[in-house]
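The structure appears below as structure tokens.
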Amino acid sequence: MNAVLPSPTTIAALVKIGLLVGGLMTAAAYLVLLERWIAAWVQDRKGPNRVGIPLTNIRLFGLGQPLADGLKIILKEDFTPSHVDRVLYNAAPLLILAASLAIFAAIPFGSVLPPLGIPGLPDPVPFLVAPGLDVGVLWVFALSSIAVYGVLLGGWASNNKYGFLGGLRSSAQLVAYEIPLGLGLLGVVLAAGSLKLDRIMEAQATSGVWYAFAQPLGFIVFLVASFAEAARLPFDLPEAEQELVGGYHTEYSGIRLLLFLVAEFLHMITAAFLIVIMFLGGWHLWGVTGSAAEVSWAGALVRFAILSAKILGVIVFFMLVRWSWPRFRFDQLMNLAWKVMLPLGLANLVTVAVVEEYRPWLVERLGSSGAGWVALALPWGMFFVGWIVAGLLTPSGTDNRPIHTHGPLDAEQSLAEDLVEA
Amino acid sequence: MEPILPVLLFVAISAAVAVGLVGAAGMVGPKRTSPVKQMPYESGMDPVHDTRRRFDVRFHLVAITFLVFDVELLFLYPWAVASRSPAGIDAAVRDGLVGGRGVVFAGAMVFIALVVIGFAYDWRKGVFRWR
């Protein structure tokens, strides 16, 4: 009988997966509502506030809206246009949603539970689906790269010019910002000495110095890059409505469109998780939670609440930015990635590497508190130097006058000029 | 197998969620099609020509630069992880596998310097110039 039943660890993993998938889908639905409320508040109008309990007059501030939206979109026609590449067209939304959900296998959503005393289950139980996965962050990055495939396949298979351009733009953007993202991450990995996200949180809780303070430059680079990776304004060029209709998902409708939109929202949630876990101390808050490996039930709940509150804060920040800043132009976007973020990321990496390498030597010379101050001062100095240099040189500013090259479009261009003259 | 099993389960369940949603909608939704509905969307105009044409090589350049820098970053991850972890560089120095921390650090810095030289070359060559 025992051989038939899955092991307690497997059951625990299944329970966590169920909680995460259910929680994330619900969170995505209600965050859409939150985003609409924030949009309404920013634009000084009333947001969705009518849908409540059906068949009654109870409105509940519009809390029924996500359910109604979801139900409606499932009842819509599942339509495949005739001109598309059927296999890739159908695969793209499935791929992108599955990848953006499975990212959470390596992302902790709390600290640990107190020991449960269930035989066969190692105590304490961490809030993490795959606690033994040593490559942690790499899994997250691998799967967020797979999301690029979903976008590219969707855009290509649609056989639609808007979709194609959106897919190309999107892949170029995601690919370009993956490098600053990786550089920001590398500094954190170097300081924490582990790729596991729960270990990175522990390292910050133990030292009490969040990596946002220890590596300000890395934090800024990572923050900007994660905005771009999540395709949020000011970097939402993949689906700039005014120029590309819907970008790569122009030809999608009904439930498949929903999968793309949910995946995009999940990317934003993932970005918020990563920002909080890697740079904002995770479940740590000075004076409220210690760094102990084992906690009571109350402690576990407090840590979970702190982590959730921080993540919600970052998500609200994402939404406020969306309604505050205009969109970048594509050349500005690419210049920002390659000419500003990449050098700044490298500068941050070298600074962090030097600080971490010579920390023992500093501790020997200055004592541990003096060494701590020097280890903070160097990255901050680098942050201001980088900021000033980037501001003075403005490598992201561009001369966007067309360069005259002889290409296939020349004939059309000279024809157009002739027409204007005539 | 033990640490990877939950990951595989998660991948399987996420795929099942995606397929299940599409399948449910496919069963519930109406099926009404028409020739106009089947056309590619081009803001209401009749489509001009097929999308499958040649496109600009600049996307190619971005892809290549991405590959170069991403792979170079991947080489830095083992160093970053080993730098301070207990079974990392310090253990290797203790066991006499490498001369000292300084050698590894210098090696990593030389590697980053090479990346920077390549980056400067790309910049001068105008690879990052998006027009």
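Just remember, in the structure tokens the first chain shown is A, the second B, etc., residues are 1-based per chain, and ligands are 1-based in the order shown.
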- Message: With only C-alpha atoms as the counted atoms, please give the residues lying no more than 8 Å from stretch 28-42 of chain B, apart from itself and same-chain residues fewer than 2 positions off, as a PyMOL selection string.
- Response: (chain A and resi 74-83+159-162+250-251) or (chain B and resi 24-26+44-47)
Dump as an mmCIF file, in the first residue's frame, selection limited to N, CA, C and O atoms:
data_model
loop_
_atom_site.group_PDB
_atom_site.id
_atom_site.type_symbol
_atom_site.label_atom_id
_atom_site.label_comp_id
_atom_site.auth_asym_id
_atom_site.auth_seq_id
_atom_site.Cartn_x
_atom_site.Cartn_y
_atom_site.Cartn_z
ATOM 1 N N ILE A 74 -14.279 33.020 -21.229
ATOM 2 C CA ILE A 74 -14.335 31.581 -21.503
ATOM 3 C C ILE A 74 -15.506 31.273 -22.431
ATOM 4 O O ILE A 74 -15.441 30.369 -23.264
ATOM 5 N N LEU A 75 -16.609 32.053 -22.318
ATOM 6 C CA LEU A 75 -17.778 31.799 -23.159
ATOM 7 C C LEU A 75 -17.617 32.361 -24.568
ATOM 8 O O LEU A 75 -18.482 32.167 -25.412
ATOM 9 N N LYS A 76 -16.506 33.078 -24.816
ATOM 10 C CA LYS A 76 -16.303 33.644 -26.145
ATOM 11 C C LYS A 76 -15.827 32.568 -27.111
ATOM 12 O O LYS A 76 -15.295 31.542 -26.720
ATOM 13 N N GLU A 77 -15.967 32.867 -28.414
ATOM 14 C CA GLU A 77 -15.559 31.900 -29.428
ATOM 15 C C GLU A 77 -14.054 31.702 -29.416
ATOM 16 O O GLU A 77 -13.290 32.660 -29.332
ATOM 17 N N ASP A 78 -13.652 30.439 -29.499
ATOM 18 C CA ASP A 78 -12.236 30.098 -29.588
ATOM 19 C C ASP A 78 -11.895 30.026 -31.076
ATOM 20 O O ASP A 78 -12.059 29.001 -31.712
ATOM 21 N N PHE A 79 -11.428 31.155 -31.613
ATOM 22 C CA PHE A 79 -11.378 31.328 -33.057
ATOM 23 C C PHE A 79 -9.948 31.263 -33.572
ATOM 24 O O PHE A 79 -9.042 31.879 -33.021
ATOM 25 N N THR A 80 -9.719 30.478 -34.618
ATOM 26 C CA THR A 80 -8.402 30.409 -35.251
ATOM 27 C C THR A 80 -8.531 30.923 -36.676
ATOM 28 O O THR A 80 -9.255 30.331 -37.469
ATOM 29 N N PRO A 81 -7.859 32.016 -37.015
ATOM 30 C CA PRO A 81 -7.944 32.513 -38.389
ATOM 31 C C PRO A 81 -7.343 31.507 -39.363
ATOM 32 O O PRO A 81 -6.533 30.662 -38.969
ATOM 33 N N SER A 82 -7.720 31.611 -40.636
ATOM 34 C CA SER A 82 -7.300 30.569 -41.583
ATOM 35 C C SER A 82 -5.881 30.767 -42.084
ATOM 36 O O SER A 82 -5.284 29.843 -42.605
ATOM 37 N N HIS A 83 -5.330 31.988 -41.947
ATOM 38 C CA HIS A 83 -4.033 32.254 -42.568
ATOM 39 C C HIS A 83 -2.869 31.952 -41.659
ATOM 40 O O HIS A 83 -1.730 32.218 -42.004
ATOM 41 N N ASN A 159 0.981 35.446 -38.803
ATOM 42 C CA ASN A 159 1.022 35.842 -40.210
ATOM 43 C C ASN A 159 0.272 37.159 -40.408
ATOM 44 O O ASN A 159 -0.540 37.298 -41.300
ATOM 45 N N ASN A 160 0.569 38.089 -39.525
ATOM 46 C CA ASN A 160 -0.085 39.387 -39.533
ATOM 47 C C ASN A 160 1.021 40.412 -39.331
ATOM 48 O O ASN A 160 1.930 40.192 -38.544
ATOM 49 N N LYS A 161 0.958 41.535 -40.063
ATOM 50 C CA LYS A 161 2.096 42.452 -39.996
ATOM 51 C C LYS A 161 2.260 43.080 -38.622
ATOM 52 O O LYS A 161 3.369 43.245 -38.142
ATOM 53 N N TYR A 162 1.142 43.443 -37.991
ATOM 54 C CA TYR A 162 1.251 43.995 -36.641
ATOM 55 C C TYR A 162 1.851 42.963 -35.692
ATOM 56 O O TYR A 162 2.722 43.271 -34.881
ATOM 57 N N THR A 250 -2.141 40.398 -31.759
ATOM 58 C CA THR A 250 -3.213 41.029 -32.530
ATOM 59 C C THR A 250 -4.230 40.013 -33.031
ATOM 60 O O THR A 250 -5.433 40.246 -32.979
ATOM 61 N N GLU A 251 -3.747 38.866 -33.531
ATOM 62 C CA GLU A 251 -4.645 37.883 -34.141
ATOM 63 C C GLU A 251 -5.280 36.943 -33.128
ATOM 64 O O GLU A 251 -6.004 36.040 -33.500
ATOM 65 N N ALA B 24 -11.503 23.978 -22.247
ATOM 66 C CA ALA B 24 -12.825 24.332 -21.719
ATOM 67 C C ALA B 24 -13.484 25.385 -22.604
ATOM 68 O O ALA B 24 -14.662 25.259 -22.974
ATOM 69 N N ALA B 25 -12.691 26.406 -22.982
ATOM 70 C CA ALA B 25 -13.263 27.460 -23.814
ATOM 71 C C ALA B 25 -13.657 26.915 -25.179
ATOM 72 O O ALA B 25 -14.673 27.322 -25.747
ATOM 73 N N GLY B 26 -12.855 25.980 -25.702
ATOM 74 C CA GLY B 26 -13.172 25.398 -26.996
ATOM 75 C C GLY B 26 -14.491 24.644 -26.974
ATOM 76 O O GLY B 26 -15.214 24.614 -27.971
ATOM 77 N N GLY B 44 -8.751 47.036 -40.944
ATOM 78 C CA GLY B 44 -9.929 47.159 -41.784
ATOM 79 C C GLY B 44 -9.657 47.205 -43.272
ATOM 80 O O GLY B 44 -10.585 47.122 -44.064
ATOM 81 N N MET B 45 -8.374 47.348 -43.674
ATOM 82 C CA MET B 45 -8.049 47.325 -45.101
ATOM 83 C C MET B 45 -7.925 45.875 -45.556
ATOM 84 O O MET B 45 -7.702 44.989 -44.753
ATOM 85 N N ASP B 46 -8.004 45.668 -46.869
ATOM 86 C CA ASP B 46 -7.667 44.349 -47.379
ATOM 87 C C ASP B 46 -6.159 44.188 -47.262
ATOM 88 O O ASP B 46 -5.410 45.103 -47.607
ATOM 89 N N PRO B 47 -5.690 43.035 -46.790
ATOM 90 C CA PRO B 47 -4.245 42.841 -46.599
ATOM 91 C C PRO B 47 -3.499 43.052 -47.919
ATOM 92 O O PRO B 47 -3.953 42.619 -48.974
#
- Task: Might you pull out every residue within 8 Å of B:Asp90, with only C-alpha atoms counted and same-chain residues fewer than 5 positions away left off, and present them as a ChimeraX atom specification?
- Result: /B:83-84,101
Keeping only C-alpha atoms, write the selected residues to a file as a PDB file, in the first residue's frame.
ATOM      1  CA  SER B  83      33.289  33.218  -4.266  1.00  0.00           C
ATOM      2  CA  ARG B  84      31.904  33.117  -0.722  1.00  0.00           C
ATOM      3  CA  ARG B 101      41.975  33.720  -3.724  1.00  0.00           C
TER       4      ARG B 101
END
- Query: For A:Val316, which residue out of A:Ile269, A:Val209, A:Ala228, A:Pro108 is the nearest one, using only C-alpha atoms?
  - Reply: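 Smallest separation from A:Val316 among the options: A:Ile269.
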Per residue of stretch 182-274 of chain A within 9 Å of stretch 7-23 of chain B, which atom pair is closest and at what distance in Å (one decimal), using only C-alpha atoms, listed by chain and increasing number, as a tab-separated table?
residue	atom	partner	partner_atom	distance
A:Ile255	CA	B:Val22	CA	6.1
A:Arg256	CA	B:Val22	CA	6.8
A:Leu259	CA	B:Ala18	CA	7.4
Keeping only N, CA, C and O atoms, write the selected residues as a PDB file, in the first residue's frame.
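Below is the file part-v7.pdb, written as the result:
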ATOM      1  N   ILE A 255      -9.999  32.970 -25.258  1.00  0.00           N
ATOM      2  CA  ILE A 255      -9.223  32.406 -24.159  1.00  0.00           C
ATOM      3  C   ILE A 255      -7.724  32.470 -24.432  1.00  0.00           C
ATOM      4  O   ILE A 255      -6.920  32.639 -23.523  1.00  0.00           O
ATOM      5  N   ARG A 256      -7.339  32.382 -25.726  1.00  0.00           N
ATOM      6  CA  ARG A 256      -5.897  32.425 -26.013  1.00  0.00           C
ATOM      7  C   ARG A 256      -5.322  33.795 -25.721  1.00  0.00           C
ATOM      8  O   ARG A 256      -4.201  33.926 -25.213  1.00  0.00           O
ATOM      9  N   LEU A 259      -4.760  33.950 -22.098  1.00  0.00           N
ATOM     10  CA  LEU A 259      -3.530  33.299 -21.654  1.00  0.00           C
ATOM     11  C   LEU A 259      -2.343  34.236 -21.815  1.00  0.00           C
ATOM     12  O   LEU A 259      -1.487  34.331 -20.942  1.00  0.00           O
TER      13      LEU A 259
END
Which of chain B end up as helix (DSSP H, G or I) when DSSP is run on this backbone - answer as a compact mmCIF listing (two decimals) with N, CA, C and O atoms, in the first residue's frame?
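Dumped to states-v5.txt:
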# COMPACT_ATOMS: atom_id res chain seq x y z
N LEU B 5 11.91 16.54 -8.86
CA LEU B 5 10.55 16.01 -9.02
C LEU B 5 9.47 17.07 -8.85
O LEU B 5 8.57 17.18 -9.71
N PRO B 6 9.53 17.91 -7.79
CA PRO B 6 8.50 18.97 -7.68
C PRO B 6 8.51 19.91 -8.87
O PRO B 6 7.44 20.38 -9.30
N VAL B 7 9.70 20.16 -9.42
CA VAL B 7 9.79 21.06 -10.57
C VAL B 7 9.05 20.46 -11.76
O VAL B 7 8.24 21.13 -12.42
N LEU B 8 9.29 19.17 -12.00
CA LEU B 8 8.61 18.50 -13.12
C LEU B 8 7.10 18.50 -12.89
O LEU B 8 6.32 18.75 -13.82
N LEU B 9 6.70 18.24 -11.63
CA LEU B 9 5.27 18.27 -11.31
C LEU B 9 4.68 19.64 -11.62
O LEU B 9 3.60 19.75 -12.22
N PHE B 10 5.42 20.68 -11.23
CA PHE B 10 4.93 22.04 -11.44
C PHE B 10 4.78 22.32 -12.94
O PHE B 10 3.76 22.86 -13.38
N VAL B 11 5.79 21.91 -13.72
CA VAL B 11 5.72 22.14 -15.17
C VAL B 11 4.50 21.41 -15.73
O VAL B 11 3.71 21.99 -16.51
N ALA B 12 4.30 20.15 -15.31
CA ALA B 12 3.18 19.37 -15.82
C ALA B 12 1.85 20.03 -15.45
O ALA B 12 0.94 20.14 -16.29
N ILE B 13 1.74 20.49 -14.19
CA ILE B 13 0.47 21.08 -13.76
C ILE B 13 0.22 22.41 -14.47
O ILE B 13 -0.92 22.69 -14.90
N SER B 14 1.29 23.22 -14.67
CA SER B 14 1.07 24.49 -15.38
C SER B 14 0.61 24.23 -16.81
O SER B 14 -0.30 24.91 -17.30
N ALA B 15 1.25 23.24 -17.46
CA ALA B 15 0.84 22.91 -18.83
C ALA B 15 -0.61 22.44 -18.82
O ALA B 15 -1.40 22.82 -19.71
N ALA B 16 -0.98 21.63 -17.81
CA ALA B 16 -2.35 21.13 -17.75
C ALA B 16 -3.33 22.27 -17.55
O ALA B 16 -4.42 22.27 -18.16
N VAL B 17 -2.97 23.26 -16.73
CA VAL B 17 -3.85 24.41 -16.53
C VAL B 17 -4.08 25.14 -17.85
O VAL B 17 -5.22 25.46 -18.22
N ALA B 18 -2.96 25.37 -18.58
CA ALA B 18 -3.08 26.09 -19.84
C ALA B 18 -3.95 25.32 -20.83
O ALA B 18 -4.90 25.87 -21.42
N VAL B 19 -3.65 24.01 -21.00
CA VAL B 19 -4.42 23.21 -21.95
C VAL B 19 -5.88 23.11 -21.50
O VAL B 19 -6.80 23.22 -22.33
N GLY B 20 -6.09 22.95 -20.17
CA GLY B 20 -7.45 22.83 -19.67
C GLY B 20 -8.28 24.08 -19.96
O GLY B 20 -9.44 23.98 -20.37
N LEU B 21 -7.67 25.26 -19.76
CA LEU B 21 -8.41 26.51 -20.02
C LEU B 21 -8.82 26.59 -21.48
O LEU B 21 -9.98 26.88 -21.80
N VAL B 22 -7.84 26.32 -22.38
CA VAL B 22 -8.16 26.41 -23.80
C VAL B 22 -9.20 25.37 -24.18
O VAL B 22 -10.16 25.66 -24.92
N GLY B 23 -9.05 24.16 -23.63
CA GLY B 23 -10.00 23.09 -23.95
C GLY B 23 -11.40 23.43 -23.49
O GLY B 23 -12.38 23.26 -24.23
N ALA B 24 -11.50 23.98 -22.25
CA ALA B 24 -12.82 24.33 -21.72
C ALA B 24 -13.48 25.38 -22.60
O ALA B 24 -14.66 25.26 -22.97
N ALA B 25 -12.69 26.41 -22.98
CA ALA B 25 -13.26 27.46 -23.81
C ALA B 25 -13.66 26.91 -25.18
O ALA B 25 -14.67 27.32 -25.75
N GLY B 26 -12.86 25.98 -25.70
CA GLY B 26 -13.17 25.40 -27.00
C GLY B 26 -14.49 24.64 -26.97
O GLY B 26 -15.21 24.61 -27.97
N MET B 27 -14.80 24.03 -25.81
CA MET B 27 -16.05 23.28 -25.73
C MET B 27 -17.26 24.19 -25.52
O MET B 27 -18.32 23.94 -26.05
N VAL B 28 -17.06 25.27 -24.73
CA VAL B 28 -18.20 26.09 -24.33
C VAL B 28 -18.56 27.12 -25.40
O VAL B 28 -19.74 27.34 -25.68
N ARG B 58 19.12 44.18 -38.54
CA ARG B 58 19.52 44.70 -37.24
C ARG B 58 19.07 43.79 -36.10
O ARG B 58 19.73 43.68 -35.07
N PHE B 59 17.95 43.09 -36.31
CA PHE B 59 17.51 42.14 -35.29
C PHE B 59 18.52 41.02 -35.12
O PHE B 59 18.75 40.53 -34.03
N HIS B 60 19.16 40.69 -36.26
CA HIS B 60 20.19 39.66 -36.26
C HIS B 60 21.37 40.10 -35.40
O HIS B 60 21.88 39.33 -34.58
N LEU B 61 21.79 41.36 -35.56
CA LEU B 61 22.91 41.87 -34.78
C LEU B 61 22.60 41.84 -33.29
O LEU B 61 23.43 41.44 -32.48
N VAL B 62 21.37 42.25 -32.93
CA VAL B 62 21.00 42.23 -31.51
C VAL B 62 21.06 40.81 -30.98
O VAL B 62 21.57 40.56 -29.89
N ALA B 63 20.58 39.86 -31.78
CA ALA B 63 20.58 38.47 -31.34
C ALA B 63 22.01 37.98 -31.10
O ALA B 63 22.29 37.33 -30.10
N ILE B 64 22.92 38.35 -32.03
CA ILE B 64 24.30 37.89 -31.87
C ILE B 64 24.96 38.52 -30.65
O ILE B 64 25.59 37.83 -29.84
N THR B 65 24.79 39.85 -30.49
CA THR B 65 25.39 40.49 -29.31
C THR B 65 24.80 39.90 -28.04
O THR B 65 25.52 39.70 -27.07
N PHE B 66 23.50 39.62 -28.07
CA PHE B 66 22.89 39.01 -26.88
C PHE B 66 23.57 37.69 -26.56
O PHE B 66 23.94 37.43 -25.42
N LEU B 67 23.74 36.86 -27.59
CA LEU B 67 24.35 35.54 -27.36
C LEU B 67 25.72 35.70 -26.74
O LEU B 67 26.05 35.05 -25.74
N VAL B 68 26.53 36.61 -27.33
CA VAL B 68 27.90 36.79 -26.84
C VAL B 68 27.88 37.17 -25.37
O VAL B 68 28.49 36.51 -24.52
N PHE B 69 27.11 38.23 -25.03
CA PHE B 69 27.17 38.72 -23.65
C PHE B 69 26.49 37.76 -22.68
O PHE B 69 26.93 37.61 -21.54
N ASP B 70 25.43 37.11 -23.12
CA ASP B 70 24.74 36.19 -22.22
C ASP B 70 25.62 35.01 -21.87
O ASP B 70 25.69 34.59 -20.72
N VAL B 71 26.31 34.48 -22.87
CA VAL B 71 27.19 33.34 -22.58
C VAL B 71 28.34 33.78 -21.69
O VAL B 71 28.72 33.08 -20.75
N GLU B 72 28.84 35.00 -21.93
CA GLU B 72 29.92 35.49 -21.07
C GLU B 72 29.43 35.63 -19.63
O GLU B 72 30.16 35.31 -18.69
N LEU B 73 28.18 36.09 -19.47
CA LEU B 73 27.64 36.19 -18.12
C LEU B 73 27.51 34.82 -17.48
O LEU B 73 27.78 34.65 -16.30
N LEU B 74 27.09 33.84 -18.30
CA LEU B 74 26.92 32.48 -17.75
C LEU B 74 28.23 31.97 -17.18
O LEU B 74 28.25 31.28 -16.16
N PHE B 75 29.37 32.34 -17.84
CA PHE B 75 30.66 31.89 -17.32
C PHE B 75 30.96 32.52 -15.97
O PHE B 75 31.75 31.99 -15.19
N LEU B 76 30.34 33.67 -15.67
CA LEU B 76 30.63 34.34 -14.41
C LEU B 76 29.84 33.76 -13.24
O LEU B 76 30.22 33.94 -12.09
N TYR B 77 28.72 33.07 -13.53
CA TYR B 77 27.89 32.56 -12.43
C TYR B 77 28.65 31.61 -11.50
O TYR B 77 28.57 31.78 -10.28
N PRO B 78 29.39 30.61 -12.04
CA PRO B 78 30.09 29.71 -11.12
C PRO B 78 31.04 30.45 -10.19
O PRO B 78 31.10 30.18 -8.99
N TRP B 79 31.72 31.44 -10.75
CA TRP B 79 32.65 32.23 -9.90
C TRP B 79 31.87 32.98 -8.83
O TRP B 79 32.28 33.00 -7.66
N ALA B 80 30.73 33.59 -9.23
CA ALA B 80 29.95 34.37 -8.27
C ALA B 80 29.45 33.48 -7.14
O ALA B 80 29.47 33.86 -5.97
N VAL B 81 28.99 32.26 -7.49
CA VAL B 81 28.47 31.38 -6.44
C VAL B 81 29.60 30.89 -5.55
O VAL B 81 29.48 30.84 -4.33
N ALA B 82 30.74 30.53 -6.17
CA ALA B 82 31.82 29.90 -5.41
C ALA B 82 32.57 30.92 -4.56
O ALA B 82 33.23 30.55 -3.60
N SER B 83 32.45 32.21 -4.89
CA SER B 83 33.29 33.22 -4.27
C SER B 83 33.21 33.18 -2.75
O SER B 83 34.23 33.24 -2.07
N ARG B 84 32.02 33.07 -2.18
CA ARG B 84 31.90 33.12 -0.72
C ARG B 84 31.29 31.87 -0.10
O ARG B 84 31.20 31.79 1.12
N ILE B 89 35.61 28.70 -3.38
CA ILE B 89 37.02 29.00 -3.65
C ILE B 89 37.88 28.77 -2.42
O ILE B 89 38.99 28.23 -2.52
N ASP B 90 37.36 29.13 -1.23
CA ASP B 90 38.17 28.96 -0.02
C ASP B 90 38.54 27.50 0.19
O ASP B 90 39.68 27.18 0.54
N ALA B 91 37.57 26.61 -0.05
CA ALA B 91 37.84 25.17 0.10
C ALA B 91 38.87 24.73 -0.93
O ALA B 91 39.78 23.94 -0.62
N ALA B 92 38.74 25.26 -2.15
CA ALA B 92 39.68 24.88 -3.21
C ALA B 92 41.10 25.34 -2.86
O ALA B 92 42.07 24.63 -3.09
N VAL B 93 41.19 26.54 -2.25
CA VAL B 93 42.50 27.04 -1.85
C VAL B 93 43.08 26.15 -0.76
O VAL B 93 44.26 25.78 -0.78
N ARG B 94 42.22 25.76 0.20
CA ARG B 94 42.67 24.90 1.30
C ARG B 94 43.18 23.58 0.77
O ARG B 94 44.18 23.04 1.23
N ARG B 101 43.15 32.95 -3.32
CA ARG B 101 41.98 33.72 -3.72
C ARG B 101 42.33 34.77 -4.77
O ARG B 101 41.56 35.03 -5.69
N GLY B 102 43.52 35.37 -4.58
CA GLY B 102 43.93 36.44 -5.48
C GLY B 102 43.98 36.01 -6.93
O GLY B 102 43.58 36.75 -7.83
N VAL B 103 44.44 34.76 -7.16
CA VAL B 103 44.55 34.26 -8.53
C VAL B 103 43.16 34.20 -9.18
O VAL B 103 42.96 34.68 -10.31
N VAL B 104 42.19 33.65 -8.42
CA VAL B 104 40.84 33.51 -8.96
C VAL B 104 40.23 34.88 -9.22
O VAL B 104 39.64 35.14 -10.28
N PHE B 105 40.43 35.78 -8.25
CA PHE B 105 39.86 37.13 -8.39
C PHE B 105 40.46 37.83 -9.61
O PHE B 105 39.73 38.41 -10.42
N ALA B 106 41.80 37.72 -9.75
CA ALA B 106 42.46 38.35 -10.89
C ALA B 106 41.93 37.75 -12.19
O ALA B 106 41.67 38.47 -13.16
N GLY B 107 41.74 36.43 -12.19
CA GLY B 107 41.23 35.78 -13.39
C GLY B 107 39.86 36.32 -13.77
O GLY B 107 39.60 36.67 -14.93
N ALA B 108 38.99 36.46 -12.74
CA ALA B 108 37.64 36.96 -13.02
C ALA B 108 37.71 38.39 -13.53
O ALA B 108 36.99 38.77 -14.47
N MET B 109 38.60 39.20 -12.93
CA MET B 109 38.68 40.60 -13.36
C MET B 109 39.20 40.69 -14.80
O MET B 109 38.73 41.51 -15.59
N VAL B 110 40.18 39.83 -15.14
CA VAL B 110 40.69 39.82 -16.52
C VAL B 110 39.56 39.45 -17.48
O VAL B 110 39.39 40.05 -18.54
N PHE B 111 38.76 38.47 -17.06
CA PHE B 111 37.63 38.04 -17.90
C PHE B 111 36.66 39.20 -18.13
O PHE B 111 36.26 39.47 -19.27
N ILE B 112 36.33 39.91 -17.04
CA ILE B 112 35.41 41.05 -17.18
C ILE B 112 36.04 42.12 -18.06
O ILE B 112 35.36 42.74 -18.89
N ALA B 113 37.37 42.33 -17.92
CA ALA B 113 38.05 43.32 -18.75
C ALA B 113 37.92 42.94 -20.22
O ALA B 113 37.70 43.81 -21.08
N LEU B 114 38.05 41.64 -20.52
CA LEU B 114 37.91 41.20 -21.92
C LEU B 114 36.50 41.48 -22.42
O LEU B 114 36.31 41.93 -23.56
N VAL B 115 35.50 41.23 -21.55
CA VAL B 115 34.12 41.53 -21.93
C VAL B 115 33.99 43.01 -22.25
O VAL B 115 33.37 43.40 -23.24
N VAL B 116 34.61 43.85 -21.40
CA VAL B 116 34.50 45.30 -21.59
C VAL B 116 35.16 45.70 -22.91
O VAL B 116 34.63 46.54 -23.65
N ILE B 117 36.31 45.07 -23.23
CA ILE B 117 36.98 45.40 -24.50
C ILE B 117 36.07 45.03 -25.68
O ILE B 117 35.88 45.82 -26.62
N GLY B 118 35.48 43.84 -25.59
CA GLY B 118 34.55 43.44 -26.66
C GLY B 118 33.38 44.39 -26.78
O GLY B 118 32.95 44.75 -27.88
N PHE B 119 32.89 44.83 -25.61
CA PHE B 119 31.76 45.77 -25.58
C PHE B 119 32.14 47.09 -26.25
O PHE B 119 31.40 47.62 -27.09
N ALA B 120 33.34 47.59 -25.89
CA ALA B 120 33.79 48.86 -26.47
C ALA B 120 33.95 48.72 -27.99
O ALA B 120 33.58 49.62 -28.75
N TYR B 121 34.47 47.57 -28.44
CA TYR B 121 34.65 47.34 -29.86
C TYR B 121 33.29 47.37 -30.58
O TYR B 121 33.12 48.03 -31.60
N ASP B 122 32.31 46.65 -29.99
CA ASP B 122 30.96 46.62 -30.57
C ASP B 122 30.39 48.03 -30.67
O ASP B 122 29.77 48.40 -31.66
N TRP B 123 30.61 48.80 -29.59
CA TRP B 123 30.06 50.16 -29.55
C TRP B 123 30.67 51.00 -30.68
O TRP B 123 29.98 51.69 -31.43
N ARG B 124 32.03 50.92 -30.80
CA ARG B 124 32.72 51.69 -31.84
C ARG B 124 32.26 51.27 -33.23
O ARG B 124 32.17 52.08 -34.14
N LYS B 125 31.98 49.96 -33.38
CA LYS B 125 31.57 49.46 -34.68
C LYS B 125 30.13 49.85 -35.02
O LYS B 125 29.65 49.61 -36.11
- Selected residue, from B:Ala87, B:Ile4, B:Leu97, B:Val48, that lies nearest to chain A when counting only C-alpha atoms: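 With only C-alpha atoms as the atom set, the closest residue is B:Ile4.
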- Message: So that I can check the surroundings of A:Ala272, please list as a ChimeraX atom specification every protein, DNA and RNA residue that reaches within 8 Å of it, counting only C-alpha atoms and ignoring chain neighbours fewer than 5 positions away.
- Response: /A:311-312,314-315
Write out the residues from the selection above, keeping all heavy atoms, as a CSV table (one decimal), in the first residue's frame.
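Contents of result-v2.csv, as written:
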chain,number,residue,atom,x,y,z
A,311,ILE,N,5.6,42.8,-1.8
A,311,ILE,CA,5.3,42.5,-3.2
A,311,ILE,C,4.2,43.4,-3.7
A,311,ILE,O,4.3,43.9,-4.8
A,311,ILE,CB,5.1,41.0,-3.3
A,311,ILE,CG1,6.4,40.2,-3.1
A,311,ILE,CG2,4.5,40.7,-4.7
A,311,ILE,CD1,6.2,38.8,-2.9
A,312,LEU,N,3.1,43.5,-2.9
A,312,LEU,CA,2.0,44.3,-3.3
A,312,LEU,C,2.5,45.8,-3.5
A,312,LEU,O,2.1,46.4,-4.5
A,312,LEU,CB,0.9,44.2,-2.2
A,312,LEU,CG,-0.4,44.9,-2.7
A,312,LEU,CD1,-1.0,44.1,-3.9
A,312,LEU,CD2,-1.4,44.9,-1.6
A,314,VAL,N,5.4,46.8,-4.4
A,314,VAL,CA,6.2,46.9,-5.7
A,314,VAL,C,5.2,46.9,-6.9
A,314,VAL,O,5.4,47.6,-7.8
A,314,VAL,CB,7.2,45.8,-5.8
A,314,VAL,CG1,7.9,45.8,-7.2
A,314,VAL,CG2,8.3,46.0,-4.7
A,315,ILE,N,4.2,46.0,-6.8
A,315,ILE,CA,3.2,45.9,-7.9
A,315,ILE,C,2.5,47.3,-8.0
A,315,ILE,O,2.3,47.7,-9.2
A,315,ILE,CB,2.2,44.8,-7.6
A,315,ILE,CG1,3.0,43.4,-7.8
A,315,ILE,CG2,1.1,44.8,-8.6
A,315,ILE,CD1,2.2,42.2,-7.6
- Message: Here is a test: counting only C-alpha atoms, which residue of A:Ala214, A:Leu20, A:Val363, A:Leu33 is nearest to chain B?
- Response: A:Leu20
